[in-house]
$ cat query38.csv   # CSV, C-alpha atoms
chain,number,residue,atom,x,y,z
C,939,MET,CA,-67.6,51.4,-150.3
C,940,PHE,CA,-69.2,53.4,-153.1
C,941,ILE,CA,-71.0,51.8,-156.1
C,942,LEU,CA,-70.5,54.2,-158.9
C,943,ALA,CA,-72.4,52.3,-161.6
C,944,THR,CA,-74.3,49.1,-162.1
C,945,ASN,CA,-76.5,47.4,-164.8
C,946,PRO,CA,-80.2,47.9,-163.9
C,947,ALA,CA,-81.0,44.7,-165.8
C,948,ASN,CA,-78.5,42.8,-163.8
C,949,PRO,CA,-77.5,44.8,-160.7
C,950,ILE,CA,-74.8,44.1,-158.2
C,951,ARG,CA,-76.1,41.8,-155.5
C,952,ASN,CA,-75.0,39.6,-152.6
C,953,ILE,CA,-72.6,42.3,-151.3
C,954,ARG,CA,-70.6,41.1,-148.3
C,955,ILE,CA,-67.9,43.0,-146.5
C,956,LEU,CA,-65.6,40.5,-144.7
C,957,PRO,CA,-62.3,40.6,-142.8
C,958,PRO,CA,-59.3,38.6,-144.1
C,959,GLY,CA,-58.4,35.3,-142.6
C,960,GLY,CA,-60.8,33.1,-140.6
C,961,ILE,CA,-61.0,30.7,-137.7
C,962,CYS,CA,-60.1,27.1,-136.8
C,963,ALA,CA,-63.4,25.2,-136.6
C,964,ASN,CA,-62.7,24.0,-133.1
C,965,ASN,CA,-61.9,27.5,-131.7
C,966,PRO,CA,-64.4,30.2,-132.8
C,967,PHE,CA,-62.8,32.6,-130.3
C,968,GLN,CA,-59.5,33.1,-132.1
C,969,ARG,CA,-58.9,34.8,-135.5
C,970,VAL,CA,-56.2,33.2,-137.7
C,971,ALA,CA,-54.5,34.5,-140.8
C,972,GLY,CA,-54.8,31.3,-142.9
C,973,ALA,CA,-55.1,27.5,-143.1
C,974,GLY,CA,-51.5,27.1,-142.0
C,975,GLN,CA,-52.5,27.9,-138.4
C,976,CYS,CA,-55.1,25.2,-138.2
C,977,LYS,CA,-54.9,21.4,-138.3
C,978,GLY,CA,-57.1,20.7,-141.3
C,979,ASN,CA,-60.2,22.5,-140.0
C,980,TYR,CA,-59.7,26.0,-141.3
C,981,LEU,CA,-62.9,28.1,-142.0
C,982,SER,CA,-62.3,31.3,-144.0
C,983,PHE,CA,-64.5,34.3,-143.4
C,984,GLU,CA,-65.0,34.5,-147.2
C,985,GLN,CA,-66.2,30.9,-147.7
C,986,HIS,CA,-68.0,30.4,-144.3
C,987,SER,CA,-69.4,33.8,-143.2
C,988,SER,CA,-72.9,32.4,-142.8
C,989,LYS,CA,-71.6,29.7,-140.4
C,990,ILE,CA,-69.1,31.8,-138.5
C,991,ILE,CA,-71.5,34.7,-137.9
C,992,PHE,CA,-69.6,36.4,-135.1
C,993,ASN,CA,-66.3,38.2,-135.1
C,994,PRO,CA,-63.9,36.1,-133.0
C,995,ASP,CA,-62.7,39.2,-131.2
C,996,TYR,CA,-66.2,40.0,-130.2
C,997,LEU,CA,-66.8,36.5,-128.9
C,998,THR,CA,-63.6,36.6,-126.9
C,999,TYR,CA,-64.7,39.8,-125.2
C,1000,MET,CA,-68.2,38.6,-124.5
C,1001,ARG,CA,-67.3,35.2,-123.1
C,1002,ASP,CA,-66.7,36.7,-119.7
C,1003,PHE,CA,-70.4,37.4,-119.1
C,1004,ARG,CA,-72.9,34.9,-117.7
C,1005,VAL,CA,-76.0,36.9,-118.6
C,1006,ILE,CA,-76.4,39.1,-121.7
C,1007,ARG,CA,-79.2,41.6,-121.9
C,1008,PHE,CA,-80.0,42.0,-125.6
C,1009,MET,CA,-82.1,45.2,-125.3
C,1010,ASN,CA,-79.7,47.3,-127.5
C,1011,MET,CA,-78.9,44.5,-129.9
C,1012,SER,CA,-82.6,43.8,-130.5
C,1013,GLY,CA,-83.4,47.5,-131.0
C,1014,ILE,CA,-86.2,47.5,-128.4
C,1015,THR,CA,-86.2,51.2,-127.4
C,1016,ARG,CA,-88.9,53.1,-129.4
C,1017,ASN,CA,-89.6,50.0,-131.4
C,1018,PRO,CA,-93.2,50.1,-132.6
C,1019,VAL,CA,-93.3,46.5,-133.9
C,1020,TYR,CA,-96.7,44.8,-133.4
C,1021,ALA,CA,-97.0,41.8,-135.8
C,1022,TRP,CA,-94.7,38.8,-136.0
C,1023,GLU,CA,-94.3,39.4,-139.8
C,1024,ASP,CA,-92.6,42.8,-139.0
C,1025,ARG,CA,-89.8,41.4,-136.8
C,1026,ALA,CA,-86.2,41.7,-137.8
C,1027,SER,CA,-85.1,38.9,-140.2
C,1028,ILE,CA,-81.9,37.2,-141.2
C,1029,ASP,CA,-82.2,38.3,-144.9
C,1030,GLN,CA,-82.4,42.0,-144.3
C,1031,GLN,CA,-79.7,44.1,-145.9
C,1032,THR,CA,-78.9,45.7,-142.6
C,1033,TRP,CA,-79.9,45.4,-138.9
C,1034,GLY,CA,-78.7,49.0,-138.2
C,1035,GLY,CA,-80.5,52.3,-138.5
C,1036,ALA,CA,-82.4,54.7,-136.3
C,1037,GLU,CA,-84.3,53.7,-133.2
C,1038,GLY,CA,-87.5,52.0,-134.1
C,1039,ILE,CA,-85.9,50.5,-137.2
C,1040,ARG,CA,-82.7,48.8,-136.1
C,1041,GLY,CA,-82.4,45.5,-134.4
C,1042,ALA,CA,-80.8,42.1,-134.8
C,1043,PRO,CA,-83.0,39.0,-135.4
C,1044,MET,CA,-83.8,36.7,-132.5
C,1045,GLU,CA,-82.0,33.9,-134.3
C,1046,VAL,CA,-78.7,35.7,-134.0
C,1047,MET,CA,-79.2,36.5,-130.4
C,1048,VAL,CA,-80.1,33.0,-129.5
C,1049,GLU,CA,-77.1,31.7,-131.4
C,1050,LEU,CA,-74.8,34.1,-129.5
C,1051,ALA,CA,-76.2,33.0,-126.2
C,1052,ASN,CA,-75.6,29.3,-127.2
C,1053,ARG,CA,-72.0,29.9,-128.3
C,1054,LEU,CA,-71.1,31.8,-125.2
C,1055,HIS,CA,-73.2,29.5,-123.0
C,1056,ALA,CA,-74.7,32.6,-121.4
C,1057,ASP,CA,-78.3,33.1,-120.2
C,1058,PRO,CA,-80.0,35.5,-122.6
C,1059,TRP,CA,-82.2,38.5,-121.4
C,1060,PHE,CA,-84.8,39.4,-123.9
C,1061,SER,CA,-86.9,42.6,-123.8
C,1062,MET,CA,-90.2,42.3,-125.6
C,1063,PRO,CA,-91.4,45.2,-127.8
C,1064,HIS,CA,-93.9,47.4,-126.0
C,1065,ALA,CA,-96.6,47.2,-128.7
C,1066,ALA,CA,-96.0,43.5,-129.6
C,1067,SER,CA,-99.1,41.3,-129.9
C,1068,ASN,CA,-99.6,38.2,-127.9
C,1069,ASP,CA,-99.0,36.2,-131.0
C,1070,PHE,CA,-95.6,37.9,-131.4
C,1071,ILE,CA,-94.7,37.2,-127.8
C,1072,ARG,CA,-95.8,33.6,-128.1
C,1073,ARG,CA,-93.9,32.9,-131.3
C,1074,PHE,CA,-90.7,34.5,-129.9
C,1075,ALA,CA,-91.0,32.3,-126.8
C,1076,GLU,CA,-91.5,29.3,-129.0
C,1077,TYR,CA,-88.4,29.9,-131.0
C,1078,VAL,CA,-86.3,30.4,-127.9
C,1079,GLN,CA,-87.8,27.3,-126.3
C,1080,ALA,CA,-86.9,25.2,-129.3
C,1081,ASN,CA,-83.4,26.6,-130.0
C,1082,LEU,CA,-81.8,27.8,-126.8
C,1083,GLU,CA,-79.5,25.3,-125.1
C,1084,PRO,CA,-81.7,23.4,-122.5
C,1085,SER,CA,-79.2,24.1,-119.7
C,1086,LEU,CA,-79.7,27.9,-120.1
C,1087,LYS,CA,-82.2,30.1,-118.5
C,1088,VAL,CA,-83.9,33.0,-120.2
C,1089,TYR,CA,-84.6,36.4,-118.6
C,1090,VAL,CA,-87.8,38.0,-119.9
C,1091,GLU,CA,-88.7,41.6,-119.5
C,1092,TYR,CA,-91.5,43.7,-121.1
C,1093,SER,CA,-89.9,46.5,-123.1
C,1094,ASN,CA,-87.2,48.8,-121.6
C,1095,GLU,CA,-87.5,51.7,-119.1
C,1096,VAL,CA,-91.3,52.1,-119.6
C,1097,TRP,CA,-91.2,54.6,-116.7
C,1098,ASN,CA,-88.8,56.9,-118.7
C,1099,GLY,CA,-90.7,59.8,-120.2
C,1100,VAL,CA,-88.2,60.3,-123.1
C,1101,PHE,CA,-89.2,57.0,-124.7
C,1102,THR,CA,-92.3,56.3,-126.8
C,1103,GLN,CA,-92.9,53.1,-124.8
C,1104,HIS,CA,-93.7,55.4,-121.8
C,1105,ALA,CA,-96.3,57.3,-123.9
C,1106,PHE,CA,-97.8,54.0,-125.0
C,1107,ALA,CA,-98.1,52.7,-121.5
C,1108,LYS,CA,-99.6,56.0,-120.3
C,1109,GLN,CA,-102.2,56.0,-123.1
C,1110,GLN,CA,-103.1,52.4,-122.4
C,1111,GLY,CA,-103.2,52.8,-118.7
C,1112,VAL,CA,-105.5,55.9,-118.9
C,1113,GLN,CA,-107.8,54.2,-121.5
C,1114,MET,CA,-108.2,51.2,-119.1
C,1115,GLY,CA,-108.9,53.5,-116.2
C,1116,LEU,CA,-106.1,52.0,-114.1
C,1117,ASP,CA,-105.4,55.3,-112.3
C,1118,PRO,CA,-106.5,58.9,-112.5
C,1119,ASP,CA,-102.9,60.0,-112.5
C,1120,PRO,CA,-101.4,59.4,-116.0
C,1121,ASN,CA,-98.0,58.4,-114.7
C,1122,GLN,CA,-99.4,56.0,-112.2
C,1123,ALA,CA,-101.6,54.6,-114.9
C,1124,ALA,CA,-98.5,54.0,-116.9
C,1125,TYR,CA,-96.7,52.2,-114.1
C,1126,LYS,CA,-99.8,50.0,-113.5
C,1127,PHE,CA,-100.2,49.2,-117.1
C,1128,TYR,CA,-96.5,48.2,-117.3
C,1129,SER,CA,-97.0,45.9,-114.3
C,1130,LYS,CA,-100.2,44.4,-115.8
C,1131,ARG,CA,-98.7,43.9,-119.3
C,1132,SER,CA,-95.5,42.4,-117.8
C,1133,VAL,CA,-97.5,39.7,-116.0
C,1134,ASP,CA,-99.3,39.0,-119.2
C,1135,VAL,CA,-96.0,38.5,-121.0
C,1136,PHE,CA,-94.7,36.3,-118.3
C,1137,GLY,CA,-97.7,34.1,-118.5
C,1138,ILE,CA,-97.2,33.6,-122.2
C,1139,TRP,CA,-93.6,32.6,-121.7
C,1140,GLU,CA,-94.6,30.2,-118.9
C,1141,GLN,CA,-97.1,28.5,-121.1
C,1142,VAL,CA,-94.6,27.9,-123.8
C,1143,PHE,CA,-91.9,26.7,-121.4
C,1144,ARG,CA,-94.4,24.7,-119.3
C,1145,GLY,CA,-93.6,26.5,-116.1
C,1146,ASN,CA,-91.0,29.0,-114.9
C,1147,LYS,CA,-88.1,26.7,-114.1
C,1148,ARG,CA,-86.1,28.2,-116.9
C,1149,VAL,CA,-87.8,31.5,-117.2
C,1150,VAL,CA,-86.7,34.5,-115.0
C,1151,ARG,CA,-89.5,37.0,-114.9
C,1152,VAL,CA,-88.1,40.5,-114.6
C,1153,MET,CA,-89.7,43.9,-113.9
C,1154,SER,CA,-87.7,47.1,-113.7
C,1155,GLY,CA,-87.9,50.6,-112.5
C,1156,LEU,CA,-86.1,53.8,-111.6
C,1157,VAL,CA,-83.4,53.3,-109.0
C,1158,GLY,CA,-84.2,56.6,-107.3
C,1159,SER,CA,-87.9,55.8,-106.7
C,1160,THR,CA,-88.9,53.2,-104.2
C,1161,ALA,CA,-92.5,54.5,-104.6
C,1162,MET,CA,-92.5,53.4,-108.2
C,1163,SER,CA,-91.1,50.0,-107.3
C,1164,LYS,CA,-93.8,49.5,-104.7
C,1165,THR,CA,-96.5,50.5,-107.2
C,1166,ILE,CA,-95.2,48.2,-110.0
C,1167,LEU,CA,-94.7,45.2,-107.7
C,1168,SER,CA,-97.9,45.5,-105.7
C,1169,TYR,CA,-100.4,46.2,-108.5
C,1170,ASN,CA,-102.8,43.3,-108.6
C,1171,GLY,CA,-100.2,41.2,-106.7
C,1172,ALA,CA,-97.7,41.3,-109.6
C,1173,TYR,CA,-94.9,40.4,-107.3
C,1174,ARG,CA,-96.4,36.9,-107.1
C,1175,PHE,CA,-95.6,36.4,-110.8
C,1176,THR,CA,-92.2,38.1,-110.7
C,1177,ASP,CA,-88.7,36.7,-109.9
C,1178,ALA,CA,-86.5,39.8,-110.0
C,1179,TYR,CA,-86.8,43.5,-109.9
C,1180,ALA,CA,-84.1,45.4,-111.9
C,1181,VAL,CA,-82.7,48.9,-111.5
C,1182,ALA,CA,-79.9,50.9,-113.2
C,1183,PRO,CA,-77.6,52.6,-110.7
C,1184,TYR,CA,-75.5,54.9,-112.9
C,1185,VAL,CA,-72.6,56.8,-111.3
C,1186,TYR,CA,-71.6,60.2,-112.7
C,1187,GLY,CA,-72.2,62.8,-109.9
C,1188,ASP,CA,-73.7,65.8,-111.7
C,1189,ALA,CA,-73.7,66.7,-115.4
C,1190,ASN,CA,-73.1,70.4,-114.9
C,1191,ALA,CA,-70.2,69.7,-112.5
C,1192,LEU,CA,-68.6,67.4,-115.1
C,1193,ARG,CA,-68.7,70.1,-117.7
C,1194,LYS,CA,-66.5,72.2,-115.5
C,1195,ALA,CA,-63.9,69.5,-115.1
C,1196,ARG,CA,-60.4,70.3,-116.4
C,1197,SER,CA,-58.7,67.0,-115.6
C,1198,VAL,CA,-59.4,63.3,-115.1
C,1199,SER,CA,-58.9,63.9,-111.4
C,1200,ASP,CA,-61.7,66.4,-111.5
C,1201,ILE,CA,-64.0,63.8,-113.2
C,1202,PHE,CA,-63.4,61.3,-110.4
C,1203,GLN,CA,-63.9,63.9,-107.8
C,1204,VAL,CA,-67.4,64.7,-109.1
C,1205,MET,CA,-68.2,61.0,-109.4
C,1206,THR,CA,-67.4,60.3,-105.8
C,1207,ASP,CA,-68.5,63.5,-104.0
C,1208,PRO,CA,-71.6,62.9,-101.8
C,1209,LYS,CA,-72.9,66.4,-102.5
C,1210,TYR,CA,-73.8,65.4,-106.0
C,1211,PRO,CA,-77.0,63.4,-106.4
C,1212,HIS,CA,-75.7,60.7,-108.7
C,1213,SER,CA,-72.3,60.2,-107.0
C,1214,LEU,CA,-71.0,56.8,-106.0
C,1215,PRO,CA,-72.0,56.9,-102.3
C,1216,ASN,CA,-75.5,58.1,-103.2
C,1217,GLU,CA,-76.1,55.4,-105.8
C,1218,ILE,CA,-75.0,52.8,-103.2
C,1219,LYS,CA,-77.6,54.2,-100.8
C,1220,LEU,CA,-80.3,53.9,-103.5
C,1221,ILE,CA,-79.3,50.3,-104.1
C,1222,ALA,CA,-79.7,49.5,-100.4
C,1223,LYS,CA,-83.2,51.2,-100.3
C,1224,GLN,CA,-84.3,49.2,-103.4
C,1225,ALA,CA,-83.0,46.0,-101.8
C,1226,GLU,CA,-85.3,46.6,-98.8
C,1227,VAL,CA,-88.3,47.0,-101.1
C,1228,ALA,CA,-87.4,43.9,-103.2
C,1229,LYS,CA,-87.0,41.8,-100.0
C,1230,SER,CA,-90.3,43.0,-98.7
C,1231,PHE,CA,-92.0,41.6,-101.9
C,1232,GLY,CA,-89.9,38.4,-101.9
C,1233,VAL,CA,-88.1,39.1,-105.2
C,1234,ASP,CA,-84.5,39.4,-106.1
C,1235,LEU,CA,-82.9,42.8,-106.9
C,1236,ILE,CA,-80.6,42.9,-109.9
C,1237,ALA,CA,-79.4,45.5,-112.4
C,1238,TYR,CA,-80.5,45.8,-116.0
C,1239,GLU,CA,-77.8,48.4,-116.6
C,1240,GLY,CA,-75.4,50.4,-114.4
C,1241,GLY,CA,-71.9,51.6,-113.8
C,1242,GLN,CA,-70.3,54.8,-115.0
C,1243,HIS,CA,-72.5,57.3,-116.9
C,1244,LEU,CA,-69.9,59.7,-118.3
C,1245,VAL,CA,-71.9,61.1,-121.2
C,1246,ASP,CA,-72.8,64.6,-122.2
C,1247,MET,CA,-75.8,64.7,-124.6
C,1248,THR,CA,-75.1,68.3,-125.5
C,1249,THR,CA,-71.9,67.5,-127.3
C,1250,LYS,CA,-71.8,66.8,-131.0
C,1251,SER,CA,-68.4,65.2,-131.6
C,1252,ASP,CA,-65.9,62.8,-129.9
C,1253,THR,CA,-63.4,65.6,-129.4
C,1254,GLN,CA,-65.7,68.1,-127.8
C,1255,HIS,CA,-65.2,68.8,-124.1
C,1256,PRO,CA,-65.6,66.9,-121.8
C,1257,ASN,CA,-65.6,63.8,-124.0
C,1258,ASN,CA,-61.8,63.4,-124.1
C,1259,LEU,CA,-61.8,63.5,-120.3
C,1260,PHE,CA,-64.6,60.9,-120.2
C,1261,TYR,CA,-62.6,58.5,-122.4
C,1262,ALA,CA,-59.5,58.9,-120.4
C,1263,ALA,CA,-61.4,58.3,-117.2
C,1264,ASN,CA,-62.7,55.0,-118.6
C,1265,ARG,CA,-59.2,53.8,-119.1
C,1266,HIS,CA,-57.8,55.1,-115.8
C,1267,PRO,CA,-57.1,52.6,-113.0
C,1268,GLN,CA,-59.4,54.6,-110.7
C,1269,MET,CA,-62.4,53.6,-112.7
C,1270,ALA,CA,-61.7,50.0,-111.6
C,1271,ALA,CA,-61.7,51.2,-108.0
C,1272,ILE,CA,-65.1,52.9,-108.5
C,1273,TYR,CA,-66.6,49.7,-110.0
C,1274,GLN,CA,-65.2,47.6,-107.1
C,1275,GLN,CA,-66.8,50.0,-104.6
C,1276,LEU,CA,-70.1,49.8,-106.5
C,1277,LEU,CA,-70.1,46.1,-106.6
C,1278,THR,CA,-69.2,45.9,-102.9
C,1279,GLY,CA,-72.2,48.2,-102.3
C,1280,TRP,CA,-74.4,45.6,-104.1
C,1281,LYS,CA,-72.9,42.8,-102.1
C,1282,GLN,CA,-73.3,44.6,-98.8
C,1283,ALA,CA,-77.0,45.2,-99.6
C,1284,GLY,CA,-77.3,41.4,-100.0
C,1285,VAL,CA,-78.3,41.6,-103.7
C,1286,ASN,CA,-77.1,40.4,-107.0
C,1287,TYR,CA,-75.7,42.2,-110.0
C,1288,SER,CA,-75.8,41.8,-113.8
C,1289,CYS,CA,-73.0,43.8,-115.4
C,1290,ILE,CA,-71.8,44.9,-118.8
C,1291,SER,CA,-71.0,48.5,-119.6
C,1292,VAL,CA,-68.6,49.7,-122.2
C,1293,HIS,CA,-68.3,53.3,-123.3
C,1294,ARG,CA,-68.7,55.1,-126.6
C,1295,ALA,CA,-69.6,58.7,-127.5
C,1296,PHE,CA,-73.2,59.7,-126.7
C,1297,THR,CA,-74.0,56.4,-125.0
C,1298,ALA,CA,-72.6,54.9,-121.9
C,1299,ASN,CA,-73.6,51.2,-122.0
C,1300,THR,CA,-73.0,49.9,-125.5
C,1301,ALA,CA,-70.4,47.2,-126.1
C,1302,VAL,CA,-69.0,48.8,-129.2
C,1303,LEU,CA,-65.3,48.6,-128.5
C,1304,ALA,CA,-65.3,44.9,-128.9
C,1305,LEU,CA,-66.6,45.4,-132.4
C,1306,ARG,CA,-63.8,47.8,-133.1
C,1307,ASN,CA,-61.3,45.2,-132.0
C,1308,THR,CA,-60.1,47.4,-129.2
C,1309,LEU,CA,-58.3,45.3,-126.6
C,1310,PRO,CA,-60.5,44.8,-123.6
C,1311,SER,CA,-57.4,44.9,-121.4
C,1312,ARG,CA,-57.5,48.7,-121.8
C,1313,MET,CA,-60.9,48.8,-120.2
C,1314,ARG,CA,-60.3,49.2,-116.5
C,1315,LYS,CA,-64.0,48.7,-115.6
C,1316,HIS,CA,-64.0,45.5,-117.7
C,1317,LEU,CA,-61.0,44.2,-115.8
C,1318,ASN,CA,-62.9,44.7,-112.6
C,1319,THR,CA,-66.4,43.7,-113.6
C,1320,VAL,CA,-65.3,40.3,-114.8
C,1321,LEU,CA,-65.0,39.6,-111.0
C,1322,CYS,CA,-68.8,40.1,-110.8
C,1323,TRP,CA,-70.6,37.3,-109.1
C,1324,ASN,CA,-73.1,35.1,-111.0
C,1325,LEU,CA,-76.9,35.7,-110.8
C,1326,PRO,CA,-78.5,32.9,-108.8
C,1327,VAL,CA,-82.1,33.4,-109.9
$ encode --input "query38.csv" --output "structure tokens"
Amino acid sequence: MFILATNPANPIRNIRILPPGGICANNPFQRVAGAGQCKGNYLSFEQHSSKIIFNPDYLTYMRDFRVIRFMNMSGITRNPVYAWEDRASIDQQTWGGAEGIRGAPMEVMVELANRLHADPWFSMPHAASNDFIRRFAEYVQANLEPSLKVYVEYSNEVWNGVFTQHAFAKQQGVQMGLDPDPNQAAYKFYSKRSVDVFGIWEQVFRGNKRVVRVMSGLVGSTAMSKTILSYNGAYRFTDAYAVAPYVYGDANALRKARSVSDIFQVMTDPKYPHSLPNEIKLIAKQAEVAKSFGVDLIAYEGGQHLVDMTTKSDTQHPNNLFYAANRHPQMAAIYQQLLTGWKQAGVNYSCISVHRAFTANTAVLALRNTLPSRMRKHLNTVLCWNLPV
């Protein structure tokens, strides 16, 4: 939509872009064309957009999942927010934008969890004040269905050097003198701040019966896991340790692929560091560490990671092969083997991973109204067992 002219004294306002049709009030998961398809309880998108909120097709896709990690939706990565007043709000003109700016309000995320009857997983901004953390927890405590639990995590991949939250943790850890090695100082600050955040949530919820306290780390480093969990006895205040086992084999080998068959060969060949068999081995090693500290091992992300960050368009090689692989029956087989690997290690798994260009774990296709039946990995991961923590 392009606005070519408007009156500065009385400009165009309250712009809404809505789909045709609506829903029947007793079934928010199905889109209908008009009132004739409902028994006197029709709600049009035009008249009731503020009440409907979510695309029915999106709700239908998401209803399969028991736990929803809102990290991407909330715009946590590289998000510098500190004060409560700077949080995302309902009345903003958009919740999109670049990293550090985008993010949906907590009100929307809590409402989505309630409508799906799914436990929400919230990641707190890395620079957020204690006041911010407390008020966020207070809203969730007051508005989340009492039967639901809430997973709480401090930031996202603080160990990952490509993110500003890692630089923040490193700076804080060094300033506090937590370790002479800057990276180790970052891991220890992450551990310390996580425990601080958990404590605030426990105060608000009057205990941890409904709060699942989550720390996370790099799946390939058990040394990092041990540092994070052991620092100042952090494991005593932690319920679960999360990792992200991504399967892709090797980026350079994938660029040489000339067929979908080649893609799957790279994903499953043990000679490649991030192949399926090697990721399953890493899961088993992390399971041993988690068990030694008395915490559950879960995944915060995971699955296929067919993404080439050097490409600039959807059609550039090897993206077309990646998309075809995601819709191939063999992708379901890879997911089944990955989930079996988790089960054999005696651990639990939290799963949602849907492809798009340049990212490998964003549930975008549901928003595009693409039928989830085309997604082979979706068909398999709905078999995923529930998290018991």
$ atom_distance --input "query38.csv" --atom1 "CA of Ala1065 (chain C)" --atom2 "CA of Val1112 (chain C)"
15.8 Å
$ atom_distance --input "query38.csv" --atom1 "CA of His1064 (chain C)" --atom2 "CA of Val1046 (chain C)"
20.8 Å
$ atom_distance --input "query38.csv" --atom1 "CA of Val1185 (chain C)" --atom2 "CA of Tyr1173 (chain C)"
28.0 Å
$ residues_around --input "query38.csv" --residues "region 1048-1051 of chain C" --least-positions-apart "6" --cutoff "7 Å" --atoms "all atoms listed in the file" --output "CSV table (one decimal) with C-alpha atoms, keeping the file's coordinate frame"
chain,number,residue,atom,x,y,z
C,1057,ASP,CA,-78.3,33.1,-120.2
C,1058,PRO,CA,-80.0,35.5,-122.6
C,1078,VAL,CA,-86.3,30.4,-127.9
C,1082,LEU,CA,-81.8,27.8,-126.8
$ closest_residue --input "query38.csv" --among "C:Thr998, C:Ser1012, C:Asn1257, C:Asn948" --to "Ala1195 (chain C)" --atoms "all atoms listed in the file"
C:Asn1257
$ residues_around --input "query38.csv" --residues "region 1225-1231 of chain C" --least-positions-apart "2" --cutoff "7 Å" --atoms "only C-alpha atoms" --output "JSON, numbers by chain"
{"C": [1160, 1173, 1179, 1221, 1222, 1223, 1233, 1234, 1235, 1283, 1285]}
$ closest_residue --input "query38.csv" --among "C:Asp1246, C:Phe1008, C:Ile955, C:Ser1163" --to "Glu984 (chain C)" --atoms "all atoms listed in the file"
C:Ile955
$ closest_residue --input "query38.csv" --among "C:Asp1029, C:Arg1073, C:Gly1232, C:Gly1099" --to "Asn952 (chain C)" --atoms "only C-alpha atoms"
C:Asp1029
$ closest_residue --input "query38.csv" --among "C:Asn1052, C:Asn1098, C:Asn1146, C:Thr1248" --to "Leu997 (chain C)" --atoms "all atoms listed in the file"
C:Asn1052
$ residues_around --input "query38.csv" --residues "His986 (chain C)" --least-positions-apart "4" --cutoff "12 Å" --atoms "all atoms listed in the file" --output "PDB file with C-alpha atoms, keeping the file's coordinate frame"
ATOM      1  CA  ARG C 954     -70.600  41.100-148.300  1.00  0.00           C
ATOM      2  CA  LEU C 956     -65.600  40.500-144.700  1.00  0.00           C
ATOM      3  CA  PRO C 957     -62.300  40.600-142.800  1.00  0.00           C
ATOM      4  CA  PRO C 958     -59.300  38.600-144.100  1.00  0.00           C
ATOM      5  CA  GLY C 959     -58.400  35.300-142.600  1.00  0.00           C
ATOM      6  CA  GLY C 960     -60.800  33.100-140.600  1.00  0.00           C
ATOM      7  CA  ILE C 961     -61.000  30.700-137.700  1.00  0.00           C
ATOM      8  CA  CYS C 962     -60.100  27.100-136.800  1.00  0.00           C
ATOM      9  CA  ALA C 963     -63.400  25.200-136.600  1.00  0.00           C
ATOM     10  CA  ASN C 979     -60.200  22.500-140.000  1.00  0.00           C
ATOM     11  CA  TYR C 980     -59.700  26.000-141.300  1.00  0.00           C
ATOM     12  CA  LEU C 981     -62.900  28.100-142.000  1.00  0.00           C
ATOM     13  CA  SER C 982     -62.300  31.300-144.000  1.00  0.00           C
ATOM     14  CA  ILE C 990     -69.100  31.800-138.500  1.00  0.00           C
ATOM     15  CA  ILE C 991     -71.500  34.700-137.900  1.00  0.00           C
ATOM     16  CA  PHE C 992     -69.600  36.400-135.100  1.00  0.00           C
TER      17      PHE C 992
END
$ closest_residue --input "query38.csv" --among "C:Gln1224, C:Thr1206, C:Gln1242, C:Thr1015" --to "Ala1161 (chain C)" --atoms "all atoms listed in the file"
C:Gln1224
$ residues_around --input "query38.csv" --residues "Val1090 (chain C)" --least-positions-apart "3" --cutoff "7 Å" --atoms "only C-alpha atoms" --output "number ranges by chain"
C: 1059-1061, 1150-1152
$ closest_residue --input "query38.csv" --among "C:Tyr1184, C:Trp1022, C:Phe1101, C:Phe1003" --to "Asn1068 (chain C)" --atoms "only C-alpha atoms"
C:Trp1022
